[in-house]
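Asks: Just so it is clear, I am handing over protein_10.tsv, which has TSV, C-alpha atoms.
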chain	number	residue	atom	x	y	z
A	1	MET	CA	-59.12	-78.93	34.22
A	2	PRO	CA	-60.03	-81.13	31.21
A	3	ARG	CA	-60.18	-79.50	27.81
A	4	THR	CA	-63.18	-79.93	25.57
A	5	THR	CA	-62.13	-81.40	22.27
A	6	LEU	CA	-63.82	-80.90	18.96
A	7	GLY	CA	-63.55	-84.65	18.36
A	8	SER	CA	-63.32	-87.69	20.55
A	9	GLY	CA	-59.82	-89.06	20.00
A	10	ILE	CA	-56.27	-88.29	21.03
A	11	GLY	CA	-54.56	-85.78	18.82
A	12	GLU	CA	-57.78	-84.06	17.82
A	13	VAL	CA	-58.00	-80.29	17.92
A	14	SER	CA	-59.01	-78.67	21.22
A	15	GLU	CA	-60.93	-75.46	21.61
A	16	PRO	CA	-58.70	-72.45	21.04
A	17	PRO	CA	-56.91	-71.31	24.21
A	18	LYS	CA	-58.32	-68.38	26.18
A	19	LEU	CA	-56.47	-65.07	26.16
A	20	SER	CA	-55.48	-65.56	29.83
A	21	GLU	CA	-54.02	-68.99	29.00
A	22	LEU	CA	-52.11	-67.58	26.03
A	23	SER	CA	-50.78	-64.73	28.18
A	24	ASP	CA	-49.58	-67.12	30.89
A	25	ILE	CA	-48.00	-69.48	28.33
A	26	GLU	CA	-46.31	-66.62	26.47
A	27	ARG	CA	-44.99	-65.09	29.71
A	28	GLY	CA	-43.66	-68.44	30.95
A	29	PHE	CA	-42.10	-69.33	27.63
A	30	THR	CA	-40.45	-65.91	27.33
A	31	THR	CA	-39.05	-66.17	30.87
A	32	ILE	CA	-37.57	-69.62	30.21
A	33	VAL	CA	-36.00	-68.58	26.90
A	34	ARG	CA	-34.68	-65.29	28.30
A	35	TRP	CA	-33.23	-67.01	31.38
A	36	GLY	CA	-31.59	-69.71	29.27
A	37	ASN	CA	-29.97	-67.09	27.05
A	38	LEU	CA	-28.45	-65.05	29.87
A	39	PRO	CA	-24.65	-65.08	29.58
A	40	ARG	CA	-24.27	-65.62	33.33
A	41	VAL	CA	-26.44	-68.75	33.15
A	42	ARG	CA	-24.51	-70.24	30.21
A	43	ASP	CA	-21.24	-69.24	31.86
A	44	ARG	CA	-22.31	-71.08	35.04
A	45	PHE	CA	-22.71	-74.32	33.08
A	46	VAL	CA	-19.50	-73.87	31.11
A	47	THR	CA	-17.54	-72.99	34.26
A	48	ALA	CA	-18.92	-76.07	36.03
A	49	ALA	CA	-17.77	-78.13	33.04
A	50	GLY	CA	-14.25	-76.73	33.42
A	51	MET	CA	-13.68	-75.12	30.03
A	52	ALA	CA	-14.18	-71.66	28.58
A	53	LEU	CA	-16.50	-71.75	25.58
A	54	ASP	CA	-18.04	-68.70	23.92
A	55	ARG	CA	-21.77	-68.58	23.25
A	56	ALA	CA	-21.52	-69.19	19.50
A	57	SER	CA	-19.21	-72.18	19.92
A	58	TYR	CA	-21.47	-73.57	22.64
A	59	GLY	CA	-24.43	-73.65	20.25
A	60	VAL	CA	-22.45	-75.17	17.38
A	61	LEU	CA	-20.94	-77.89	19.58
A	62	PHE	CA	-24.31	-78.91	21.03
A	63	ARG	CA	-26.04	-78.95	17.63
A	64	LEU	CA	-23.27	-81.05	16.10
A	65	GLU	CA	-23.27	-83.45	19.05
A	66	GLU	CA	-27.09	-83.79	18.98
A	67	GLY	CA	-27.42	-84.13	15.20
A	68	GLY	CA	-24.36	-86.24	14.54
A	69	PRO	CA	-21.62	-85.81	11.95
A	70	ALA	CA	-22.40	-83.32	9.21
A	71	ARG	CA	-20.91	-81.43	6.31
A	72	LEU	CA	-20.28	-77.78	7.07
A	73	SER	CA	-23.07	-76.67	4.73
A	74	ASP	CA	-25.59	-78.97	6.46
A	75	LEU	CA	-24.48	-77.80	9.90
A	76	ALA	CA	-24.80	-74.16	8.84
A	77	GLN	CA	-28.33	-74.89	7.65
A	78	ARG	CA	-29.20	-76.64	10.95
A	79	LEU	CA	-27.93	-73.60	12.82
A	80	GLY	CA	-29.57	-71.06	10.52
A	81	LEU	CA	-26.19	-69.46	9.79
A	82	ASP	CA	-24.39	-68.51	6.61
A	83	LEU	CA	-21.49	-70.74	5.63
A	84	SER	CA	-18.73	-68.28	6.52
A	85	THR	CA	-20.08	-67.72	10.05
A	86	ALA	CA	-20.46	-71.45	10.67
A	87	SER	CA	-16.95	-72.02	9.30
A	88	ARG	CA	-15.42	-69.52	11.75
A	89	GLN	CA	-17.25	-71.07	14.69
A	90	VAL	CA	-16.26	-74.61	13.70
A	91	HIS	CA	-12.65	-73.47	13.30
A	92	HIS	CA	-12.57	-72.33	16.96
A	93	LEU	CA	-13.91	-75.72	18.04
A	94	GLU	CA	-11.32	-77.52	15.92
A	95	VAL	CA	-8.48	-75.49	17.44
A	96	ALA	CA	-9.81	-76.36	20.90
A	97	GLY	CA	-9.81	-80.08	19.97
A	98	LEU	CA	-13.59	-80.41	20.36
A	99	VAL	CA	-14.46	-80.98	16.68
A	100	ARG	CA	-12.61	-82.75	13.86
A	101	ARG	CA	-12.91	-82.93	10.07
A	102	ALA	CA	-12.69	-86.14	8.09
A	103	VAL	CA	-12.56	-86.38	4.32
A	104	VAL	CA	-15.65	-87.94	2.74
A	105	GLU	CA	-14.45	-90.87	0.64
A	106	GLU	CA	-17.14	-90.41	-2.04
A	107	ASP	CA	-16.24	-86.73	-2.49
A	108	ARG	CA	-12.66	-85.86	-1.48
A	109	ARG	CA	-13.53	-82.13	-1.65
A	110	ALA	CA	-16.05	-82.51	1.16
A	111	ALA	CA	-15.35	-82.91	4.85
A	112	LEU	CA	-17.52	-84.44	7.53
A	113	LEU	CA	-17.47	-82.65	10.88
A	114	SER	CA	-17.85	-84.61	14.10
A	115	VAL	CA	-17.46	-84.05	17.81
A	116	THR	CA	-14.27	-85.51	19.30
A	117	GLY	CA	-14.17	-87.56	22.48
A	118	GLU	CA	-13.05	-84.45	24.36
A	119	GLY	CA	-15.96	-82.53	22.84
A	120	ARG	CA	-18.46	-85.22	23.91
A	121	GLU	CA	-17.00	-85.21	27.43
A	122	LEU	CA	-17.40	-81.42	27.61
A	123	VAL	CA	-21.02	-81.63	26.40
A	124	GLU	CA	-21.74	-84.28	29.02
A	125	ARG	CA	-20.17	-82.19	31.81
A	126	ILE	CA	-22.29	-79.21	30.75
A	127	ARG	CA	-25.41	-81.41	30.69
A	128	GLN	CA	-24.57	-82.66	34.18
A	129	ALA	CA	-24.26	-79.05	35.37
A	130	LYS	CA	-27.63	-78.24	33.80
A	131	ARG	CA	-29.26	-81.27	35.44
A	132	ALA	CA	-27.82	-80.22	38.82
A	133	VAL	CA	-29.42	-76.77	38.44
A	134	ILE	CA	-32.73	-78.31	37.36
A	135	THR	CA	-32.61	-80.69	40.34
A	136	GLU	CA	-32.06	-77.72	42.65
A	137	MET	CA	-34.88	-75.69	41.08
A	138	LEU	CA	-37.38	-78.57	41.25
A	139	ALA	CA	-36.44	-79.74	44.75
A	140	GLY	CA	-39.88	-78.77	46.09
A	141	TRP	CA	-41.80	-80.56	43.34
A	142	THR	CA	-43.36	-84.01	43.72
A	143	GLN	CA	-42.37	-86.93	41.49
A	144	ASP	CA	-45.74	-86.65	39.71
A	145	GLU	CA	-45.21	-82.94	39.07
A	146	ARG	CA	-41.74	-83.55	37.63
A	147	GLU	CA	-43.05	-86.34	35.40
A	148	GLU	CA	-45.89	-84.11	34.17
A	149	LEU	CA	-43.45	-81.27	33.48
A	150	ALA	CA	-41.19	-83.64	31.52
A	151	ARG	CA	-44.16	-84.91	29.50
A	152	VAL	CA	-45.50	-81.44	28.69
A	153	LEU	CA	-42.08	-79.94	27.88
A	154	THR	CA	-41.25	-82.86	25.60
A	155	ARG	CA	-44.55	-82.39	23.80
A	156	LEU	CA	-43.94	-78.64	23.50
A	157	ALA	CA	-40.42	-79.20	22.15
A	158	ASP	CA	-41.77	-81.67	19.57
A	159	GLU	CA	-44.46	-79.17	18.53
A	160	ILE	CA	-41.88	-76.38	18.19
A	161	VAL	CA	-39.70	-78.55	15.93
A	162	ALA	CA	-42.72	-79.64	13.87
A	163	PHE	CA	-43.88	-76.03	13.55
A	164	GLY	CA	-40.43	-74.92	12.42
A	165	CYS	CA	-40.29	-77.69	9.82
A	166	ARG	CA	-43.68	-76.93	8.25
A	167	GLU	CA	-43.66	-75.19	4.92
A	168	ARG	CA	-45.19	-71.74	4.96
Can I see the file as structure tokens?

Replies:
Amino acid sequence: MPRTTLGSGIGEVSEPPKLSELSDIERGFTTIVRWGNLPRVRDRFVTAAGMALDRASYGVLFRLEEGGPARLSDLAQRLGLDLSTASRQVHHLEVAGLVRRAVVEEDRRAALLSVTGEGRELVERIRQAKRAVITEMLAGWTQDEREELARVLTRLADEIVAFGCRER
């Protein structure tokens, strides 16, 4: 059903959503987030990847891999963690050989954290496991439905990031 816009161009503000739409969106969003945070779901992906990884380390590894090399303070900020918590989590990943530190030439006191080859391989195996589950879940969907879902989820993800970055 087309939405009536308050203007005539793309990106213009639509009429506010109806309460029933908001309820359905909120319920769906909550279900997806809750399901994705279930330990048994995360454990399924980690087990399929062939390595034990606790929840905290999982998040740190993925954020570092997605965002690229970072100083510990920048990574802690990305994760919304205090420095000591991020340091402990990074230490576990270093011991496991998934993350390494390199001295920053301009400031020998600073270290740049990056994901090792083994860490990237683990992330890729976990992503493959996730894609296999998604493929299974969407087996009854048409190509057009999957493309529409990808488009809408990408837009939603972009809006969530933009919303989180806006100053209050």

Asks: List as a PyMOL selection string the protein and nucleic acid residues near A:Val133, meaning an atom at most 12 Å away when all atoms listed in the file are counted, but skip any in the same chain fewer than 5 places from it.

Replies: chain A and resi 36+41-42+44-45+48+126-128+138-139

Asks: Using all atoms listed in the file, which residues sit within 8 Å of A:Leu61 once same-chain residues fewer than 2 positions away are excluded, as a PyMOL selection string?

Replies: chain A and resi 57-59+63-65+93+98-99+115+119+123

Asks: Counting only C-alpha atoms, which residue out of A:Arg55, A:Arg120, A:His92, A:Arg109 sits closest to A:Leu38?

Replies: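 So, comparing all the options, the nearest one is A:Arg55.
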
Asks: Excluding A:Leu113 and its own-chain neighbours fewer than 3 positions away, which residues fall within 10 Å of it when counting only C-alpha atoms? Please give them as a list in words.

Replies: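 Close residues of A:Leu113: Leu64, Gly68, Pro69, Ala70, Arg71, Leu72, Asp74, Leu75, Val90, Glu94, Val99, Arg100, Arg101, Ala102, Val103, Val104, Ala110 and Thr116 of chain A.
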
Asks: One decimal, in Å: what's the spacing between atom CA of A:Ile134 and atom CA of A:Val33?

Replies: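 Computed distance, atom CA of A:Ile134 to atom CA of A:Val33, equals 14.7 Å.
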
Asks: Just how far from atom CA of A:Ala52 is atom CA of A:Gly97, in Å to one decimal?

Replies: 12.8 Å

Asks: A:Thr30, A:Thr85, A:Ser114, A:Ser23: which is nearest A:Glu66, counting all atoms listed in the file?

Replies: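 With all atoms listed in the file as the atom set, the closest residue is A:Ser114.
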
Asks: Taking all atoms listed in the file into account, which of A:Thr154, A:Ala56, A:Glu106, A:Glu124 comes nearest A:Ser87?

Replies: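 Residue with the minimum atom-to-atom distance to A:Ser87: A:Ala56.
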
Asks: Calculate how many Å separate atom CA of A:Ala49 from atom CA of A:His91, rounding to one decimal.

Replies: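 Atom CA of A:His91 lies at a distance of 20.9 Å from atom CA of A:Ala49.
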
Asks: Could stretch 110-130 of chain A be completed with N, CA and C atoms and returned as an mmCIF file, in the coordinates of the input?

Replies:
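The file below, selection_10.cif, is the result:
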data_model
loop_
_atom_site.group_PDB
_atom_site.id
_atom_site.type_symbol
_atom_site.label_atom_id
_atom_site.label_comp_id
_atom_site.auth_asym_id
_atom_site.auth_seq_id
_atom_site.Cartn_x
_atom_site.Cartn_y
_atom_site.Cartn_z
ATOM 1 N N ALA A 110 -15.160 -82.741 0.016
ATOM 2 C CA ALA A 110 -16.050 -82.510 1.160
ATOM 3 C C ALA A 110 -15.431 -83.048 2.442
ATOM 4 N N ALA A 111 -15.818 -82.445 3.538
ATOM 5 C CA ALA A 111 -15.350 -82.910 4.850
ATOM 6 C C ALA A 111 -16.567 -83.120 5.753
ATOM 7 N N LEU A 112 -16.478 -84.127 6.573
ATOM 8 C CA LEU A 112 -17.520 -84.440 7.530
ATOM 9 C C LEU A 112 -17.034 -83.993 8.908
ATOM 10 N N LEU A 113 -17.810 -83.147 9.552
ATOM 11 C CA LEU A 113 -17.470 -82.650 10.880
ATOM 12 C C LEU A 113 -18.076 -83.565 11.935
ATOM 13 N N SER A 114 -17.321 -83.822 12.990
ATOM 14 C CA SER A 114 -17.850 -84.610 14.100
ATOM 15 C C SER A 114 -17.232 -84.126 15.404
ATOM 16 N N VAL A 115 -17.916 -84.426 16.483
ATOM 17 C CA VAL A 115 -17.460 -84.050 17.810
ATOM 18 C C VAL A 115 -16.423 -85.080 18.264
ATOM 19 N N THR A 116 -15.315 -84.610 18.805
ATOM 20 C CA THR A 116 -14.270 -85.510 19.300
ATOM 21 C C THR A 116 -14.682 -86.077 20.661
ATOM 22 N N GLY A 117 -13.917 -87.013 21.150
ATOM 23 C CA GLY A 117 -14.170 -87.560 22.480
ATOM 24 C C GLY A 117 -14.128 -86.468 23.536
ATOM 25 N N GLU A 118 -13.152 -85.575 23.410
ATOM 26 C CA GLU A 118 -13.050 -84.450 24.360
ATOM 27 C C GLU A 118 -14.276 -83.548 24.259
ATOM 28 N N GLY A 119 -14.769 -83.342 23.039
ATOM 29 C CA GLY A 119 -15.960 -82.530 22.840
ATOM 30 C C GLY A 119 -17.186 -83.175 23.479
ATOM 31 N N ARG A 120 -17.334 -84.498 23.300
ATOM 32 C CA ARG A 120 -18.460 -85.220 23.910
ATOM 33 C C ARG A 120 -18.383 -85.170 25.435
ATOM 34 N N GLU A 121 -17.168 -85.293 25.974
ATOM 35 C CA GLU A 121 -17.000 -85.210 27.430
ATOM 36 C C GLU A 121 -17.405 -83.832 27.944
ATOM 37 N N LEU A 122 -17.031 -82.777 27.216
ATOM 38 C CA LEU A 122 -17.400 -81.420 27.610
ATOM 39 C C LEU A 122 -18.921 -81.261 27.575
ATOM 40 N N VAL A 123 -19.551 -81.714 26.504
ATOM 41 C CA VAL A 123 -21.020 -81.630 26.400
ATOM 42 C C VAL A 123 -21.660 -82.358 27.576
ATOM 43 N N GLU A 124 -21.162 -83.523 27.905
ATOM 44 C CA GLU A 124 -21.740 -84.280 29.020
ATOM 45 C C GLU A 124 -21.549 -83.558 30.350
ATOM 46 N N ARG A 125 -20.381 -82.949 30.560
ATOM 47 C CA ARG A 125 -20.170 -82.190 31.810
ATOM 48 C C ARG A 125 -21.119 -80.998 31.886
ATOM 49 N N ILE A 126 -21.353 -80.339 30.759
ATOM 50 C CA ILE A 126 -22.290 -79.210 30.750
ATOM 51 C C ILE A 126 -23.702 -79.715 31.025
ATOM 52 N N ARG A 127 -24.080 -80.837 30.424
ATOM 53 C CA ARG A 127 -25.410 -81.410 30.690
ATOM 54 C C ARG A 127 -25.561 -81.790 32.163
ATOM 55 N N GLN A 128 -24.516 -82.336 32.756
ATOM 56 C CA GLN A 128 -24.570 -82.660 34.180
ATOM 57 C C GLN A 128 -24.773 -81.409 35.018
ATOM 58 N N ALA A 129 -24.096 -80.322 34.653
ATOM 59 C CA ALA A 129 -24.260 -79.050 35.370
ATOM 60 C C ALA A 129 -25.689 -78.540 35.220
ATOM 61 N N LYS A 130 -26.249 -78.660 34.024
ATOM 62 C CA LYS A 130 -27.630 -78.240 33.800
ATOM 63 C C LYS A 130 -28.597 -79.074 34.650
#
